[in-house]
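Peer 1: The structure that follows is given in the form of structure tokens.
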Amino acid sequence: MQQSLQARFQAQFDFSKTYVLAVSGGVDSVVMLDMMVRVGGLKLVIAHFDHQIRGDESARDAQFVRQLAEKYGVPYQLGFGGLGETASEDQARRARYRFLRAVAQEVGGVICTAHHQDDVVETVALNLSRGTGWRGLAVLGANDIFRPMLLFNKQQILSYAKQAKLDWCEDSTNDSDRYLRNRLRQG
């Protein structure tokens with residue numbers, strides 16, 4: 001990774017704050033965790049939400065993230081959704097953010113998600129496909145969520161993960177055409 005990008009990444013953080021990292025176990029959030037730990041001196045809490053949509057795969061991801069927390073020496077909080085296989089993306093997102101906001105309130109922290117540049121483009125395209133007005137073009141705008149990975153695109157994140165020899169989990173629902181976002185990615 002370019003030194004200037006790394007310096008910009010590190011410059012984003014306030015060392016007086018606690019950061020609640022939304023870690024799914026996927027490559028984006030694993031890279032965010034690794035990069036934030038490497039900044040050094042940041043107060044971090046890992047928050048993993050098991051939607052309970054994918055059965056054993058969900059439990060595997062929760063265990064993987066717990067092991068990451070142990071490896072990095074970062075406190076870990078686990079939430080459960082009990083949503084089941086028929087849950088919509090919107091239901092899953094709402095439940096996940098309720099959990100993240102509860103953890104942030106409990107620890108007096110700021111929520112960090114691993115959204116990156118490609119996510120912004122996807123969300124705009126998704127909203128346009130739904131016939132959004134101009135408000136749908138102002139994406140990822142929640143004031144209480146910090147997105148330190150917006151400096152990077154997906155290829156940079158994957159390159160970092162491979163260079164740092166990081167492990168991550170693949171979510172099988174990312175391959176499902178049940179969700180509009182996935183159909184957009186595949187199209």
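In the structure tokens, chains take letters A, B, ... by order of appearance, with residues numbered from 1 within each chain and ligands from 1 in the order shown.
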Enumerate as a PyMOL selection string all residues of range 17-46 of chain A assigned to strand (DSSP E) by DSSP on the backbone, naming them with the chain letters and numbers the document uses.
Peer 2: chain A and resi 18-22+43-46
Peer 1: Just want the 8 Å neighbourhood of range 18-28 of chain A, counted on only C-alpha atoms, with same-chain residues fewer than 3 positions away dropped. Output as a PyMOL selection string.
Peer 2: chain A and resi 15+31-33+42-49+61-62+64-65+100+103-104+107-115+154+157-158+161+167-171
Peer 1: Please return as number ranges by chain: the residues of chain A that backbone DSSP assigns to alpha helix (DSSP H).
Peer 2: A: 3-11, 27-39, 56-72, 89-107, 117-129, 154-163, 180-186
